[in-house]
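What follows is the content of run.txt (compact mmCIF, C-alpha atoms).
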# COMPACT_ATOMS: atom_id res chain seq x y z
CA MET A 1 17.81 4.68 -31.03
CA VAL A 2 15.59 1.64 -30.54
CA VAL A 3 17.35 -1.52 -29.42
CA GLN A 4 15.92 -4.66 -30.95
CA ILE A 5 16.13 -7.91 -29.03
CA ASN A 6 16.18 -10.26 -32.03
CA PRO A 7 19.51 -9.68 -33.81
CA LYS A 8 18.20 -11.38 -36.99
CA LYS A 9 15.60 -8.62 -37.39
CA SER A 10 17.92 -5.75 -36.47
CA THR A 11 18.66 -3.18 -39.13
CA GLU A 12 21.96 -2.30 -37.46
CA PRO A 13 24.85 -4.69 -37.01
CA CYS A 14 25.34 -5.85 -33.42
CA SER A 15 28.74 -5.24 -32.00
CA LEU A 16 30.32 -7.23 -29.22
CA SER A 17 32.48 -4.21 -28.45
CA SER A 18 29.39 -2.05 -27.85
CA ALA A 19 27.99 -4.69 -25.47
CA VAL A 20 31.31 -4.84 -23.62
CA ALA A 21 31.39 -1.04 -23.45
CA ALA A 22 27.83 -0.95 -22.09
CA ASN A 23 28.79 -3.44 -19.39
CA ARG A 24 31.64 -1.11 -18.35
CA GLU A 25 29.34 1.84 -17.63
CA ALA A 26 30.19 3.21 -14.19
CA PHE A 27 26.65 2.75 -12.86
CA VAL A 28 26.29 -0.95 -13.82
CA PRO A 29 27.85 -2.37 -10.61
CA THR A 30 25.66 -0.01 -8.54
CA MET A 31 22.58 -1.04 -10.50
CA ARG A 32 23.35 -4.71 -9.95
CA GLU A 33 23.91 -4.18 -6.23
CA LEU A 34 20.62 -2.25 -5.98
CA VAL A 35 18.78 -5.16 -7.60
CA ARG A 36 20.52 -7.70 -5.36
CA ALA A 37 19.69 -5.65 -2.25
CA TYR A 38 16.04 -5.35 -3.32
CA GLN A 39 15.83 -9.09 -3.98
CA ALA A 40 17.41 -9.92 -0.61
CA PHE A 41 15.11 -7.52 1.24
CA THR A 42 12.03 -8.80 -0.57
CA SER A 43 12.89 -12.42 0.14
CA TYR A 44 13.54 -11.74 3.84
CA SER A 45 10.43 -9.58 4.25
CA ASP A 46 8.02 -11.67 2.18
CA THR A 47 8.98 -14.93 3.92
CA HIS A 48 8.09 -13.41 7.28
CA VAL A 49 4.84 -11.84 6.05
CA ARG A 50 3.72 -15.21 4.69
CA GLN A 51 4.46 -16.77 8.09
CA LEU A 52 2.04 -14.21 9.52
CA GLY A 53 -0.69 -15.58 7.23
CA LEU A 54 -0.78 -12.81 4.62
CA THR A 55 0.59 -12.25 1.16
CA PRO A 56 3.03 -9.35 0.83
CA SER A 57 0.39 -7.31 -1.04
CA GLN A 58 -2.26 -8.02 1.60
CA PHE A 59 0.19 -6.96 4.31
CA ASP A 60 0.98 -3.77 2.38
CA VAL A 61 -2.72 -2.87 2.18
CA ILE A 62 -3.39 -3.66 5.85
CA ALA A 63 -0.32 -1.70 6.95
CA THR A 64 -1.45 1.25 4.83
CA LEU A 65 -5.02 1.22 6.15
CA GLY A 66 -3.99 0.62 9.76
CA GLY A 67 -4.57 3.61 12.01
CA THR A 68 -6.72 5.39 9.41
CA SER A 69 -10.46 5.81 9.01
CA GLY A 70 -10.17 4.25 5.56
CA MET A 71 -9.10 5.34 2.10
CA SER A 72 -10.37 5.40 -1.44
CA MET A 73 -9.03 2.71 -3.78
CA GLY A 74 -7.00 5.40 -5.54
CA ASP A 75 -5.38 6.48 -2.29
CA VAL A 76 -4.61 2.88 -1.30
CA ALA A 77 -3.03 2.27 -4.69
CA ALA A 78 -0.98 5.47 -4.45
CA LYS A 79 0.32 4.67 -0.96
CA THR A 80 1.14 1.00 -1.52
CA LEU A 81 3.31 -0.96 -3.89
CA VAL A 82 0.17 -2.45 -5.42
CA THR A 83 -1.04 -1.53 -8.90
CA LYS A 84 -4.66 -0.46 -9.32
CA GLY A 85 -5.37 -3.49 -11.49
CA THR A 86 -4.17 -5.88 -8.80
CA LEU A 87 -5.71 -3.96 -5.91
CA THR A 88 -9.30 -5.00 -6.59
CA GLY A 89 -8.43 -8.69 -6.26
CA ILE A 90 -6.45 -8.06 -3.08
CA ILE A 91 -9.35 -6.12 -1.55
CA ASP A 92 -11.74 -8.92 -2.61
CA ARG A 93 -9.59 -11.52 -0.82
CA LEU A 94 -9.19 -9.34 2.27
CA GLU A 95 -12.99 -8.92 2.30
CA GLN A 96 -13.41 -12.70 2.13
CA LYS A 97 -11.09 -12.97 5.15
CA GLU A 98 -13.29 -10.30 6.81
CA LEU A 99 -10.29 -8.00 7.28
CA VAL A 100 -11.62 -5.06 5.22
CA ARG A 101 -14.95 -3.78 4.01
CA ARG A 102 -16.03 -1.35 1.34
CA GLU A 103 -18.11 1.60 2.54
CA VAL A 104 -20.03 3.97 0.30
CA PRO A 105 -19.57 7.53 1.57
CA GLU A 106 -22.67 9.67 1.98
CA GLY A 107 -23.32 11.87 -1.00
CA ASN A 108 -21.07 9.91 -3.38
CA ARG A 109 -22.53 6.60 -4.44
CA ARG A 110 -20.04 6.27 -7.32
CA SER A 111 -17.05 5.59 -5.09
CA PHE A 112 -16.27 3.72 -1.91
CA THR A 113 -13.82 3.74 0.93
CA VAL A 114 -11.81 0.69 2.00
CA VAL A 115 -11.86 0.33 5.79
CA LEU A 116 -10.29 -2.22 8.13
CA THR A 117 -12.90 -4.25 10.00
CA PRO A 118 -12.44 -4.76 13.75
CA THR A 119 -10.79 -8.09 12.89
CA GLY A 120 -8.59 -6.29 10.38
CA GLU A 121 -7.59 -3.74 13.03
CA GLU A 122 -6.61 -6.60 15.35
CA VAL A 123 -4.55 -8.21 12.59
CA TYR A 124 -2.88 -4.84 11.92
CA LYS A 125 -2.07 -4.36 15.62
CA LYS A 126 -0.54 -7.84 15.72
CA VAL A 127 1.30 -8.24 12.41
CA PHE A 128 2.62 -4.73 11.79
CA PRO A 129 4.69 -4.46 14.99
CA ALA A 130 5.81 -8.09 14.58
CA HIS A 131 7.05 -7.43 11.07
CA ILE A 132 8.77 -4.19 12.01
CA ALA A 133 10.54 -6.04 14.83
CA HIS A 134 11.58 -8.72 12.32
CA LEU A 135 13.01 -6.09 9.95
CA ARG A 136 14.68 -4.23 12.82
CA GLN A 137 16.99 -7.22 13.32
CA ARG A 138 18.57 -6.41 9.96
CA PHE A 139 18.34 -2.62 9.90
CA GLU A 140 19.87 -2.26 13.37
CA GLN A 141 23.11 -3.54 11.86
CA LEU A 142 23.43 -0.07 10.31
CA ASP A 143 24.04 3.00 12.46
CA ALA A 144 21.84 6.09 12.28
CA SER A 145 24.16 7.96 9.92
CA GLU A 146 24.31 5.01 7.51
CA LEU A 147 20.52 4.72 7.52
CA GLU A 148 20.15 8.43 6.81
CA LEU A 149 22.75 8.35 4.02
CA LEU A 150 21.03 5.34 2.47
CA ARG A 151 17.63 7.06 2.67
CA VAL A 152 18.95 10.23 1.05
CA LEU A 153 20.71 8.36 -1.75
CA LEU A 154 17.69 6.17 -2.49
CA GLN A 155 15.46 9.24 -2.54
CA LYS A 156 17.85 10.95 -4.94
CA LEU A 157 17.90 7.87 -7.17
CA ARG A 158 14.08 7.74 -7.20
CA VAL A 159 13.89 11.40 -8.24
CA VAL A 160 16.27 10.76 -11.14
CA PHE A 161 13.81 8.28 -12.59

Encoded form using structure tokens:
Amino acid sequence: MVVQINPKKSTEPCSLSSAVAANREAFVPTMRELVRAYQAFTSYSDTHVRQLGLTPSQFDVIATLGGTSGMSMGDVAAKTLVTKGTLTGIIDRLEQKELVRREVPEGNRRSFTVVLTPTGEEVYKKVFPAHIAHLRQRFEQLDASELELLRVLLQKLRVVF
């Protein structure tokens, strides 16, 4: 069944009772709490990352490339929360800041590897531990068993989708 947003164009009558019933689904409070937790985490994390002089997406790319010899754009996209369409612009801006460079691997001139520059490595060594320490202040309010339970449940939820 396709749900249509505009009730004037709907071929089926809308029912307040079906909307009320949908709102009573057992998973709705959990879904709302998941969204609220994500929003709270994102706000807390992003505010700190911006104080470090990076956008959240730039931080994600630098944290992903840190400690590696570089990655293809596809690998960076797969390991970050950044879509491939957005990644090119992020890499362009990180290149302008001289934090990354594109390298063409020998024998494959059709692709390139994104590598942290020495300046990028220094930024990684500075901002990544600082941000982890910032997040630790919140996560240390949970004990090890709670963290593990949360990880397992979130993993299970991800697999369901």

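Nearest to Ser57 (chain A) of all the residues A:Leu81, A:Leu147, A:Val114, A:Val123 is A:Leu81, based on all atoms listed in the file.
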
(message) Given only C-alpha atoms as the basis, pick out the residue of A:Val35, A:Tyr124, A:Pro29, A:Ser111 nearest to Gln58 (chain A).
(response)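 That would be A:Tyr124, the residue with the smallest distance to Gln58 (chain A).
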
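The interatomic distance for the pair CA of Leu154 (chain A) and CA of Leu34 (chain A) works out to 9.6 Å.
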
(message) What does the structure give for the distance between CA of Thr55 (chain A) and CA of Ile90 (chain A), in Å to one decimal?
(response)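 Interatomic distance, CA of Thr55 (chain A) to CA of Ile90 (chain A): 9.2 Å.
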
(request) Would you work out the distance separating CA of Gly53 (chain A) from CA of Phe139 (chain A), expressed in Å to one decimal? (result)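 The value is 23.2 Å.
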
(request) Counting all atoms listed in the file, figure out which residue out of A:Gly107, A:Pro118, A:Gly89, A:Pro129 gets nearest to Val61 (chain A). (result)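 Of A:Gly107, A:Pro118, A:Gly89, A:Pro129, the one nearest Val61 (chain A) is A:Gly89, counting all atoms listed in the file.
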
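The residue that comes closest to Ser45 (chain A), out of A:Ala144, A:Leu16, A:Ala77, A:Leu135 and on the basis of all atoms listed in the file, is A:Leu135.
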
(message) Could you check the closest approach to Met31 (chain A) for each of A:Leu54, A:Ala19, A:Val76, A:Leu157 and tell me which residue wins, using only C-alpha atoms?
(response) A:Leu157

(message) Excluding Lys79 (chain A) and its own-chain neighbours fewer than 5 positions away, which residues fall within 10 Å of it when counting all atoms listed in the file? Please give them as number ranges by chain.
(response) A: 60-61, 64-65, 71, 73-74

(request) Name the closest residue to Thr68 (chain A) among the candidates A:Glu146, A:Glu140, A:Glu25, A:Glu121; distances are taken between atoms, counting all atoms listed in the file. (result) A:Glu121

Reconstructed N, CA and C atoms for region 99-131 of chain A, given as a short mmCIF file (atom, residue, chain, number, x, y, z; two decimals), in the coordinates of the input:
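The resulting out-v8.cif:
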data_model
loop_
_atom_site.label_atom_id
_atom_site.label_comp_id
_atom_site.auth_asym_id
_atom_site.auth_seq_id
_atom_site.Cartn_x
_atom_site.Cartn_y
_atom_site.Cartn_z
N LEU A 99 -11.29 -8.93 6.75
CA LEU A 99 -10.29 -8.00 7.28
C LEU A 99 -10.55 -6.56 6.83
N VAL A 100 -11.24 -6.39 5.70
CA VAL A 100 -11.62 -5.06 5.22
C VAL A 100 -13.07 -5.11 4.76
N ARG A 101 -13.64 -3.92 4.62
CA ARG A 101 -14.95 -3.78 4.01
C ARG A 101 -14.95 -2.52 3.16
N ARG A 102 -15.85 -2.52 2.20
CA ARG A 102 -16.03 -1.35 1.34
C ARG A 102 -17.22 -0.57 1.89
N GLU A 103 -17.03 0.72 2.07
CA GLU A 103 -18.11 1.60 2.54
C GLU A 103 -18.37 2.66 1.49
N VAL A 104 -19.65 2.91 1.24
CA VAL A 104 -20.03 3.97 0.30
C VAL A 104 -20.22 5.24 1.11
N PRO A 105 -19.43 6.28 0.81
CA PRO A 105 -19.57 7.53 1.57
C PRO A 105 -20.89 8.23 1.23
N GLU A 106 -21.43 8.91 2.22
CA GLU A 106 -22.67 9.67 1.98
C GLU A 106 -22.42 10.72 0.91
N GLY A 107 -23.40 10.84 0.02
CA GLY A 107 -23.32 11.87 -1.00
C GLY A 107 -22.49 11.50 -2.21
N ASN A 108 -21.87 10.31 -2.23
CA ASN A 108 -21.07 9.91 -3.38
C ASN A 108 -21.22 8.40 -3.57
N ARG A 109 -22.26 8.02 -4.26
CA ARG A 109 -22.53 6.60 -4.44
C ARG A 109 -21.68 5.98 -5.55
N ARG A 110 -20.86 6.79 -6.23
CA ARG A 110 -20.04 6.27 -7.32
C ARG A 110 -18.67 5.79 -6.83
N SER A 111 -18.35 6.02 -5.60
CA SER A 111 -17.05 5.59 -5.09
C SER A 111 -17.26 4.88 -3.74
N PHE A 112 -16.19 4.33 -3.23
CA PHE A 112 -16.27 3.72 -1.91
C PHE A 112 -14.93 3.87 -1.21
N THR A 113 -15.00 3.67 0.09
CA THR A 113 -13.82 3.74 0.93
C THR A 113 -13.52 2.33 1.43
N VAL A 114 -12.24 1.97 1.45
CA VAL A 114 -11.81 0.69 2.00
C VAL A 114 -11.43 0.93 3.45
N VAL A 115 -12.04 0.14 4.34
CA VAL A 115 -11.86 0.33 5.79
C VAL A 115 -11.49 -1.02 6.40
N LEU A 116 -10.57 -0.99 7.37
CA LEU A 116 -10.29 -2.22 8.13
C LEU A 116 -11.49 -2.54 9.01
N THR A 117 -11.86 -3.80 9.08
CA THR A 117 -12.90 -4.25 10.00
C THR A 117 -12.26 -4.34 11.39
N PRO A 118 -13.05 -4.54 12.43
CA PRO A 118 -12.44 -4.76 13.75
C PRO A 118 -11.44 -5.92 13.74
N THR A 119 -11.74 -6.98 13.02
CA THR A 119 -10.79 -8.09 12.89
C THR A 119 -9.54 -7.63 12.16
N GLY A 120 -9.73 -6.83 11.12
CA GLY A 120 -8.59 -6.29 10.38
C GLY A 120 -7.71 -5.40 11.24
N GLU A 121 -8.35 -4.59 12.09
CA GLU A 121 -7.59 -3.74 13.03
C GLU A 121 -6.76 -4.60 13.98
N GLU A 122 -7.35 -5.69 14.46
CA GLU A 122 -6.61 -6.60 15.35
C GLU A 122 -5.43 -7.24 14.63
N VAL A 123 -5.64 -7.65 13.38
CA VAL A 123 -4.55 -8.21 12.59
C VAL A 123 -3.46 -7.16 12.41
N TYR A 124 -3.84 -5.93 12.08
CA TYR A 124 -2.88 -4.84 11.92
C TYR A 124 -2.07 -4.65 13.21
N LYS A 125 -2.75 -4.59 14.33
CA LYS A 125 -2.07 -4.36 15.62
C LYS A 125 -1.13 -5.51 15.98
N LYS A 126 -1.39 -6.69 15.44
CA LYS A 126 -0.54 -7.84 15.72
C LYS A 126 0.61 -7.95 14.71
N VAL A 127 0.28 -7.92 13.41
CA VAL A 127 1.30 -8.24 12.41
C VAL A 127 2.23 -7.08 12.09
N PHE A 128 1.75 -5.84 12.14
CA PHE A 128 2.62 -4.73 11.79
C PHE A 128 3.79 -4.59 12.76
N PRO A 129 3.54 -4.54 14.07
CA PRO A 129 4.69 -4.46 14.99
C PRO A 129 5.59 -5.70 14.91
N ALA A 130 5.00 -6.87 14.69
CA ALA A 130 5.81 -8.09 14.58
C ALA A 130 6.73 -8.02 13.38
N HIS A 131 6.22 -7.51 12.28
CA HIS A 131 7.05 -7.43 11.07
C HIS A 131 8.12 -6.35 11.20
#
